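I have placed the structure first, in the form of structure tokens, so that the comments after it can refer back to it.
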There are 2 protein chains.
Amino acid sequence: MARIDFYDDPDAPPANSLVPSANAVVVDDAGRLLLIHRTDNDNWSLPGGAMDLGESLPETAVREVREETGIDCEITGLVGIYTDPKHVLLYTSDGEVRQEFSVVFTARAVGGQPTPSSESRAVEWVDREDVLALPMHRSMRLRVQHFLENRPTPHLG
Amino acid sequence: MARIDFYDDPDAPPANSLVPSANAVVVDDAGRLLLIHRTDNDNWSLPGGAMDLGESLPETAVREVREETGIDCEITGLVGIYTDPKHVLLYTSDGEVRQEFSVVFTARAVGGQPTPSSESRAVEWVDREDVLALPMHRSMRLRVQHFLENRPTPHLG
């Protein structure tokens, strides 16, 4: 399924859907960050995805990290809340247009091995100083930057 | 529209809906908290409600506070994220069963006068030490308690 990101774009289709999602910045003992190379576009990304009924949002983050990367993690904190209506995501298969809604947690890896999935053609531990050189959508880059800045309070936007 | 809260109840209907919402703990210059007496059940509550397409979640909080209380506020921080699947809300008019999903912000009052609405039969500034004596659903009481405890990090649940 192809996904196209629009940011502050007059040609963006109007949002018709709101799906709460979670991402996680997962860190290993060496301080590296867990990134995936997405299959639905050519960007690198933090693992994450949509919340299911019956789970809490931190549980969503842990489940999505396991599904997309093969890594088990535990949540340690919060980078921020990202709900900018100027960012919408078009799913070309069915015309769904989601308004951005992601809560970005911090997490610590506790087990597993990096394992690609149908949603991630590559899964890699990336050194902090190399992360921002990867191709990344600007909305994802913003989340990673906020993490790297070690902000004292979460982003609320 | 009547709303019935279930918490960890074997008789609770299964959730069929997930609606991101925001609440705010609004504080005035005297340190009092803004509470509403709900019309859809007999509890007191922090103002708040469901996110609309086209706004960010902090904007939801500011809009709902204005609509439900007549008070203008600005967001100052975060109490926590409350997405416990054991808490569901039944709307008796249409059978919708929402799983809890609320982000609770802190805010500072910057204008307006307490004004009841169709959703709030009373709107009051309440001294900090009197807040927990009000009848309140346990999930709402938890959010207020977390605020009063001045926790160094937000609740992530």
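If you're wondering about the labels, chains in the structure tokens are A, B, ... by order shown, residues count from 1 in each chain, ligands from 1 in order shown.
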
| message | What are the residues of chain B lining chain A at 6 Å or less? Count only C-alpha atoms, and put the answer as a PyMOL selection string. | response | chain B and resi 54-56+83-85

Selection to disk with N, CA and C atoms, as a JSON list (two decimals), in the first residue's frame:
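That gives us result_15.json:
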[["chain", "number", "residue", "atom", "x", "y", "z"],
["B", 54, "GLY", "N", -8.65, 18.90, 11.54],
["B", 54, "GLY", "CA", -8.25, 20.28, 11.26],
["B", 54, "GLY", "C", -7.68, 21.02, 12.44],
["B", 55, "GLU", "N", -7.64, 20.39, 13.62],
["B", 55, "GLU", "CA", -7.03, 21.04, 14.77],
["B", 55, "GLU", "C", -5.99, 20.09, 15.37],
["B", 56, "SER", "N", -5.02, 20.65, 16.09],
["B", 56, "SER", "CA", -4.09, 19.83, 16.84],
["B", 56, "SER", "C", -4.72, 19.48, 18.18],
["B", 83, "THR", "N", -4.91, 5.89, 28.28],
["B", 83, "THR", "CA", -5.47, 5.04, 27.23],
["B", 83, "THR", "C", -5.63, 3.61, 27.75],
["B", 84, "ASP", "N", -6.28, 3.50, 28.90],
["B", 84, "ASP", "CA", -6.43, 2.19, 29.55],
["B", 84, "ASP", "C", -7.59, 1.43, 28.90],
["B", 85, "PRO", "N", -7.31, 0.27, 28.26],
["B", 85, "PRO", "CA", -8.41, -0.46, 27.60],
["B", 85, "PRO", "C", -9.43, -1.01, 28.59]]

Long-range neighbours of A:Arg38 as an MDAnalysis selection string, 10 Å cut-off, only C-alpha atoms, 4 positions minimum in chain:
chainID A and resid 42:47 68 116:123 136

Written selection (N, CA and C atoms) as an mmCIF file, in the first residue's frame:
data_model
loop_
_atom_site.group_PDB
_atom_site.id
_atom_site.type_symbol
_atom_site.label_atom_id
_atom_site.label_comp_id
_atom_site.auth_asym_id
_atom_site.auth_seq_id
_atom_site.Cartn_x
_atom_site.Cartn_y
_atom_site.Cartn_z
ATOM 1 N N ASP A 42 10.155 5.629 0.309
ATOM 2 C CA ASP A 42 11.587 5.335 0.331
ATOM 3 C C ASP A 42 12.293 5.924 1.545
ATOM 4 N N ASN A 43 11.546 6.331 2.559
ATOM 5 C CA ASN A 43 12.148 6.989 3.708
ATOM 6 C C ASN A 43 12.529 6.020 4.821
ATOM 7 N N TRP A 44 13.428 6.486 5.652
ATOM 8 C CA TRP A 44 13.695 5.835 6.925
ATOM 9 C C TRP A 44 12.756 6.415 7.978
ATOM 10 N N SER A 45 12.518 5.625 8.998
ATOM 11 C CA SER A 45 11.471 5.999 9.939
ATOM 12 C C SER A 45 11.722 5.353 11.298
ATOM 13 N N LEU A 46 11.187 5.972 12.343
ATOM 14 C CA LEU A 46 11.053 5.275 13.617
ATOM 15 C C LEU A 46 9.977 4.210 13.467
ATOM 16 N N PRO A 47 10.145 3.042 14.087
ATOM 17 C CA PRO A 47 9.054 2.067 14.039
ATOM 18 C C PRO A 47 7.813 2.616 14.748
ATOM 19 N N GLU A 68 7.617 -4.691 13.542
ATOM 20 C CA GLU A 68 8.347 -4.078 12.426
ATOM 21 C C GLU A 68 9.851 -4.307 12.480
ATOM 22 N N PRO A 116 13.783 -7.647 9.336
ATOM 23 C CA PRO A 116 12.872 -6.930 8.437
ATOM 24 C C PRO A 116 11.501 -7.612 8.374
ATOM 25 N N SER A 117 10.483 -6.847 8.004
ATOM 26 C CA SER A 117 9.115 -7.359 7.888
ATOM 27 C C SER A 117 8.531 -6.860 6.573
ATOM 28 N N SER A 118 7.247 -7.141 6.365
ATOM 29 C CA SER A 118 6.596 -6.649 5.149
ATOM 30 C C SER A 118 6.570 -5.122 5.110
ATOM 31 N N GLU A 119 6.649 -4.479 6.282
ATOM 32 C CA GLU A 119 6.595 -3.019 6.324
ATOM 33 C C GLU A 119 7.976 -2.376 6.349
ATOM 34 N N SER A 120 9.012 -3.199 6.517
ATOM 35 C CA SER A 120 10.359 -2.644 6.684
ATOM 36 C C SER A 120 11.346 -3.494 5.907
ATOM 37 N N ARG A 121 11.899 -2.909 4.838
ATOM 38 C CA ARG A 121 12.841 -3.680 4.010
ATOM 39 C C ARG A 121 14.197 -3.801 4.687
ATOM 40 N N ALA A 122 14.485 -2.879 5.618
ATOM 41 C CA ALA A 122 15.723 -2.981 6.389
ATOM 42 C C ALA A 122 15.452 -2.469 7.800
ATOM 43 N N VAL A 123 16.133 -3.062 8.754
ATOM 44 C CA VAL A 123 16.039 -2.656 10.162
ATOM 45 C C VAL A 123 17.462 -2.494 10.660
ATOM 46 N N MET A 136 14.519 10.947 5.170
ATOM 47 C CA MET A 136 13.463 10.844 6.170
ATOM 48 C C MET A 136 12.435 11.924 5.865
#

List the spatial neighbours of A:Arg108 as a ChimeraX atom specification - criterion: any atom at most 7 Å away, only C-alpha atoms, same-chain residues fewer than 2 positions off excluded. /A:26-28,73-76,110

Give the superposed chain A as a PDB file with C-alpha atoms, in the first residue's frame, the fit being least squares on chain B over all ordered C-alpha pairs.
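Written file, out_6.pdb:
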ATOM      1  CA  MET A   1     -27.032  11.861  25.643  1.00  0.00           C
ATOM      2  CA  ALA A   2     -26.303   9.579  28.587  1.00  0.00           C
ATOM      3  CA  ARG A   3     -22.773   8.287  29.038  1.00  0.00           C
ATOM      4  CA  ILE A   4     -21.952   5.357  31.304  1.00  0.00           C
ATOM      5  CA  ASP A   5     -18.367   4.684  32.439  1.00  0.00           C
ATOM      6  CA  PHE A   6     -17.196   1.119  33.009  1.00  0.00           C
ATOM      7  CA  TYR A   7     -13.869   0.301  34.637  1.00  0.00           C
ATOM      8  CA  ASP A   8     -12.419  -3.224  34.740  1.00  0.00           C
ATOM      9  CA  ASP A   9     -15.980  -4.533  34.711  1.00  0.00           C
ATOM     10  CA  PRO A  10     -16.780  -8.031  33.388  1.00  0.00           C
ATOM     11  CA  ASP A  11     -20.216  -6.681  32.353  1.00  0.00           C
ATOM     12  CA  ALA A  12     -18.736  -3.836  30.258  1.00  0.00           C
ATOM     13  CA  PRO A  13     -19.654  -3.973  26.568  1.00  0.00           C
ATOM     14  CA  PRO A  14     -16.676  -4.496  24.215  1.00  0.00           C
ATOM     15  CA  ALA A  15     -15.174  -1.305  22.798  1.00  0.00           C
ATOM     16  CA  ASN A  16     -16.068  -0.559  19.178  1.00  0.00           C
ATOM     17  CA  SER A  17     -14.635   2.944  18.853  1.00  0.00           C
ATOM     18  CA  LEU A  18     -11.461   4.922  19.527  1.00  0.00           C
ATOM     19  CA  VAL A  19     -11.817   8.717  19.680  1.00  0.00           C
ATOM     20  CA  PRO A  20      -8.782  10.814  20.648  1.00  0.00           C
ATOM     21  CA  SER A  21      -9.765  13.380  23.257  1.00  0.00           C
ATOM     22  CA  ALA A  22      -8.109  16.053  25.356  1.00  0.00           C
ATOM     23  CA  ASN A  23      -8.734  17.336  28.875  1.00  0.00           C
ATOM     24  CA  ALA A  24      -7.152  20.312  30.577  1.00  0.00           C
ATOM     25  CA  VAL A  25      -6.346  21.119  34.169  1.00  0.00           C
ATOM     26  CA  VAL A  26      -6.850  24.875  33.974  1.00  0.00           C
ATOM     27  CA  VAL A  27      -5.438  26.898  36.855  1.00  0.00           C
ATOM     28  CA  ASP A  28      -6.202  30.531  37.709  1.00  0.00           C
ATOM     29  CA  ASP A  29      -3.940  33.102  39.374  1.00  0.00           C
ATOM     30  CA  ALA A  30      -5.104  31.911  42.814  1.00  0.00           C
ATOM     31  CA  GLY A  31      -4.089  28.324  42.010  1.00  0.00           C
ATOM     32  CA  ARG A  32      -7.679  27.087  41.809  1.00  0.00           C
ATOM     33  CA  LEU A  33      -8.739  24.372  39.333  1.00  0.00           C
ATOM     34  CA  LEU A  34     -11.518  24.697  36.769  1.00  0.00           C
ATOM     35  CA  LEU A  35     -14.114  21.909  37.127  1.00  0.00           C
ATOM     36  CA  ILE A  36     -17.462  21.273  35.469  1.00  0.00           C
ATOM     37  CA  HIS A  37     -20.492  19.437  36.760  1.00  0.00           C
ATOM     38  CA  ARG A  38     -21.404  17.257  33.806  1.00  0.00           C
ATOM     39  CA  THR A  39     -24.921  17.036  32.415  1.00  0.00           C
ATOM     40  CA  ASP A  40     -24.534  13.522  30.951  1.00  0.00           C
ATOM     41  CA  ASN A  41     -23.850  11.951  34.340  1.00  0.00           C
ATOM     42  CA  ASP A  42     -23.727  13.274  37.887  1.00  0.00           C
ATOM     43  CA  ASN A  43     -19.948  13.586  38.173  1.00  0.00           C
ATOM     44  CA  TRP A  44     -17.596  16.508  38.250  1.00  0.00           C
ATOM     45  CA  SER A  45     -14.959  16.530  35.583  1.00  0.00           C
ATOM     46  CA  LEU A  46     -12.082  18.369  33.983  1.00  0.00           C
ATOM     47  CA  PRO A  47     -13.310  20.114  30.835  1.00  0.00           C
ATOM     48  CA  GLY A  48     -12.436  18.334  27.589  1.00  0.00           C
ATOM     49  CA  GLY A  49     -13.734  16.415  24.618  1.00  0.00           C
ATOM     50  CA  ALA A  50     -13.094  14.810  21.264  1.00  0.00           C
ATOM     51  CA  MET A  51     -10.574  16.069  18.716  1.00  0.00           C
ATOM     52  CA  ASP A  52     -11.914  17.485  15.458  1.00  0.00           C
ATOM     53  CA  LEU A  53     -10.233  17.121  12.077  1.00  0.00           C
ATOM     54  CA  GLY A  54      -8.265  20.275  11.252  1.00  0.00           C
ATOM     55  CA  GLU A  55      -7.039  21.029  14.775  1.00  0.00           C
ATOM     56  CA  SER A  56      -4.093  19.820  16.844  1.00  0.00           C
ATOM     57  CA  LEU A  57      -4.718  18.096  20.173  1.00  0.00           C
ATOM     58  CA  PRO A  58      -3.584  21.112  22.248  1.00  0.00           C
ATOM     59  CA  GLU A  59      -6.046  23.178  20.159  1.00  0.00           C
ATOM     60  CA  THR A  60      -8.767  20.643  21.045  1.00  0.00           C
ATOM     61  CA  ALA A  61      -8.109  21.246  24.737  1.00  0.00           C
ATOM     62  CA  VAL A  62      -8.289  25.045  24.369  1.00  0.00           C
ATOM     63  CA  ARG A  63     -11.483  24.850  22.281  1.00  0.00           C
ATOM     64  CA  GLU A  64     -13.266  22.426  24.609  1.00  0.00           C
ATOM     65  CA  VAL A  65     -12.366  24.501  27.677  1.00  0.00           C
ATOM     66  CA  ARG A  66     -13.840  27.582  25.998  1.00  0.00           C
ATOM     67  CA  GLU A  67     -17.009  25.734  24.881  1.00  0.00           C
ATOM     68  CA  GLU A  68     -17.664  23.966  28.175  1.00  0.00           C
ATOM     69  CA  THR A  69     -16.598  26.672  30.645  1.00  0.00           C
ATOM     70  CA  GLY A  70     -16.375  30.071  28.960  1.00  0.00           C
ATOM     71  CA  ILE A  71     -12.723  30.325  30.019  1.00  0.00           C
ATOM     72  CA  ASP A  72      -9.876  31.093  27.609  1.00  0.00           C
ATOM     73  CA  CYS A  73      -6.643  29.289  28.416  1.00  0.00           C
ATOM     74  CA  GLU A  74      -3.199  28.549  27.097  1.00  0.00           C
ATOM     75  CA  ILE A  75      -1.489  25.186  27.353  1.00  0.00           C
ATOM     76  CA  THR A  76       1.493  25.006  29.717  1.00  0.00           C
ATOM     77  CA  GLY A  77       2.358  21.295  29.977  1.00  0.00           C
ATOM     78  CA  LEU A  78       1.247  17.713  30.197  1.00  0.00           C
ATOM     79  CA  VAL A  79      -0.212  15.641  33.052  1.00  0.00           C
ATOM     80  CA  GLY A  80      -0.230  12.435  31.053  1.00  0.00           C
ATOM     81  CA  ILE A  81      -1.693  10.069  28.481  1.00  0.00           C
ATOM     82  CA  TYR A  82      -4.640   7.910  29.561  1.00  0.00           C
ATOM     83  CA  THR A  83      -5.466   5.032  27.229  1.00  0.00           C
ATOM     84  CA  ASP A  84      -6.423   2.197  29.546  1.00  0.00           C
ATOM     85  CA  PRO A  85      -8.398  -0.440  27.597  1.00  0.00           C
ATOM     86  CA  LYS A  86     -10.069  -1.494  30.871  1.00  0.00           C
ATOM     87  CA  HIS A  87     -11.963   1.826  30.849  1.00  0.00           C
ATOM     88  CA  VAL A  88     -14.773   2.068  28.283  1.00  0.00           C
ATOM     89  CA  LEU A  89     -17.597   4.604  27.861  1.00  0.00           C
ATOM     90  CA  LEU A  90     -21.028   3.550  26.623  1.00  0.00           C
ATOM     91  CA  TYR A  91     -23.141   6.187  24.842  1.00  0.00           C
ATOM     92  CA  THR A  92     -26.648   4.889  25.344  1.00  0.00           C
ATOM     93  CA  SER A  93     -28.189   6.834  22.451  1.00  0.00           C
ATOM     94  CA  ASP A  94     -26.403   4.914  19.692  1.00  0.00           C
ATOM     95  CA  GLY A  95     -24.559   2.022  21.337  1.00  0.00           C
ATOM     96  CA  GLU A  96     -21.117   3.486  20.697  1.00  0.00           C
ATOM     97  CA  VAL A  97     -18.582   2.060  23.154  1.00  0.00           C
ATOM     98  CA  ARG A  98     -15.429   4.137  23.277  1.00  0.00           C
ATOM     99  CA  GLN A  99     -12.206   2.915  24.737  1.00  0.00           C
ATOM    100  CA  GLU A 100     -10.615   5.591  26.939  1.00  0.00           C
ATOM    101  CA  PHE A 101      -8.227   7.856  25.030  1.00  0.00           C
ATOM    102  CA  SER A 102      -7.442  11.143  26.690  1.00  0.00           C
ATOM    103  CA  VAL A 103      -4.377  13.351  26.759  1.00  0.00           C
ATOM    104  CA  VAL A 104      -4.495  15.607  29.819  1.00  0.00           C
ATOM    105  CA  PHE A 105      -2.770  18.975  29.515  1.00  0.00           C
ATOM    106  CA  THR A 106      -2.068  21.668  32.086  1.00  0.00           C
ATOM    107  CA  ALA A 107      -3.193  25.177  31.200  1.00  0.00           C
ATOM    108  CA  ARG A 108      -3.323  28.729  32.533  1.00  0.00           C
ATOM    109  CA  ALA A 109      -6.519  30.789  32.416  1.00  0.00           C
ATOM    110  CA  VAL A 110      -6.047  33.989  30.422  1.00  0.00           C
ATOM    111  CA  GLY A 111      -9.609  35.347  30.185  1.00  0.00           C
ATOM    112  CA  GLY A 112     -13.336  34.705  30.207  1.00  0.00           C
ATOM    113  CA  GLN A 113     -15.895  34.026  32.929  1.00  0.00           C
ATOM    114  CA  PRO A 114     -17.191  30.634  34.149  1.00  0.00           C
ATOM    115  CA  THR A 115     -20.282  29.977  32.027  1.00  0.00           C
ATOM    116  CA  PRO A 116     -22.330  26.754  32.045  1.00  0.00           C
ATOM    117  CA  SER A 117     -23.175  25.097  28.706  1.00  0.00           C
ATOM    118  CA  SER A 118     -25.359  22.257  27.476  1.00  0.00           C
ATOM    119  CA  GLU A 119     -22.610  19.871  28.621  1.00  0.00           C
ATOM    120  CA  SER A 120     -21.955  21.499  31.992  1.00  0.00           C
ATOM    121  CA  ARG A 121     -24.693  22.419  34.450  1.00  0.00           C
ATOM    122  CA  ALA A 122     -22.146  24.181  36.655  1.00  0.00           C
ATOM    123  CA  VAL A 123     -18.657  25.579  36.095  1.00  0.00           C
ATOM    124  CA  GLU A 124     -16.564  26.386  39.136  1.00  0.00           C
ATOM    125  CA  TRP A 125     -13.117  27.401  40.281  1.00  0.00           C
ATOM    126  CA  VAL A 126     -12.306  24.926  43.071  1.00  0.00           C
ATOM    127  CA  ASP A 127      -9.518  25.206  45.643  1.00  0.00           C
ATOM    128  CA  ARG A 128      -6.853  22.513  45.229  1.00  0.00           C
ATOM    129  CA  GLU A 129      -7.591  21.005  48.639  1.00  0.00           C
ATOM    130  CA  ASP A 130     -11.317  20.694  47.901  1.00  0.00           C
ATOM    131  CA  VAL A 131     -11.160  19.091  44.458  1.00  0.00           C
ATOM    132  CA  LEU A 132     -10.916  15.441  45.474  1.00  0.00           C
ATOM    133  CA  ALA A 133     -13.989  15.728  47.734  1.00  0.00           C
ATOM    134  CA  LEU A 134     -16.222  16.206  44.662  1.00  0.00           C
ATOM    135  CA  PRO A 135     -18.062  13.199  43.171  1.00  0.00           C
ATOM    136  CA  MET A 136     -15.904  12.160  40.238  1.00  0.00           C
ATOM    137  CA  HIS A 137     -15.449   9.028  38.141  1.00  0.00           C
ATOM    138  CA  ARG A 138     -12.365   7.117  39.260  1.00  0.00           C
ATOM    139  CA  SER A 139     -10.636   7.626  35.916  1.00  0.00           C
ATOM    140  CA  MET A 140     -11.080  11.409  36.185  1.00  0.00           C
ATOM    141  CA  ARG A 141     -10.033  11.410  39.827  1.00  0.00           C
ATOM    142  CA  LEU A 142      -6.822   9.638  38.835  1.00  0.00           C
ATOM    143  CA  ARG A 143      -5.978  12.419  36.355  1.00  0.00           C
ATOM    144  CA  VAL A 144      -6.631  15.133  38.943  1.00  0.00           C
ATOM    145  CA  GLN A 145      -4.558  13.260  41.537  1.00  0.00           C
ATOM    146  CA  HIS A 146      -1.637  12.999  39.120  1.00  0.00           C
ATOM    147  CA  PHE A 147      -1.798  16.756  38.583  1.00  0.00           C
ATOM    148  CA  LEU A 148      -1.957  17.497  42.322  1.00  0.00           C
ATOM    149  CA  GLU A 149       1.044  15.219  42.955  1.00  0.00           C
ATOM    150  CA  ASN A 150       3.218  17.464  40.752  1.00  0.00           C
ATOM    151  CA  ARG A 151       4.890  14.456  39.164  1.00  0.00           C
ATOM    152  CA  PRO A 152       8.234  15.136  37.470  1.00  0.00           C
ATOM    153  CA  THR A 153       7.290  13.057  34.399  1.00  0.00           C
ATOM    154  CA  PRO A 154       3.944  12.578  32.657  1.00  0.00           C
ATOM    155  CA  HIS A 155       1.787   9.521  33.251  1.00  0.00           C
ATOM    156  CA  LEU A 156       2.071   7.167  30.264  1.00  0.00           C
ATOM    157  CA  GLY A 157      -0.689   4.581  30.412  1.00  0.00           C
TER     158      GLY A 157
END

Please identify which residues in stretch 62-143 of chain A DSSP calls strand (DSSP E) from the backbone, and express them as a VMD selection string.
chain A and resid 71 to 82 87 to 91 96 to 99 102 to 112 120 to 126
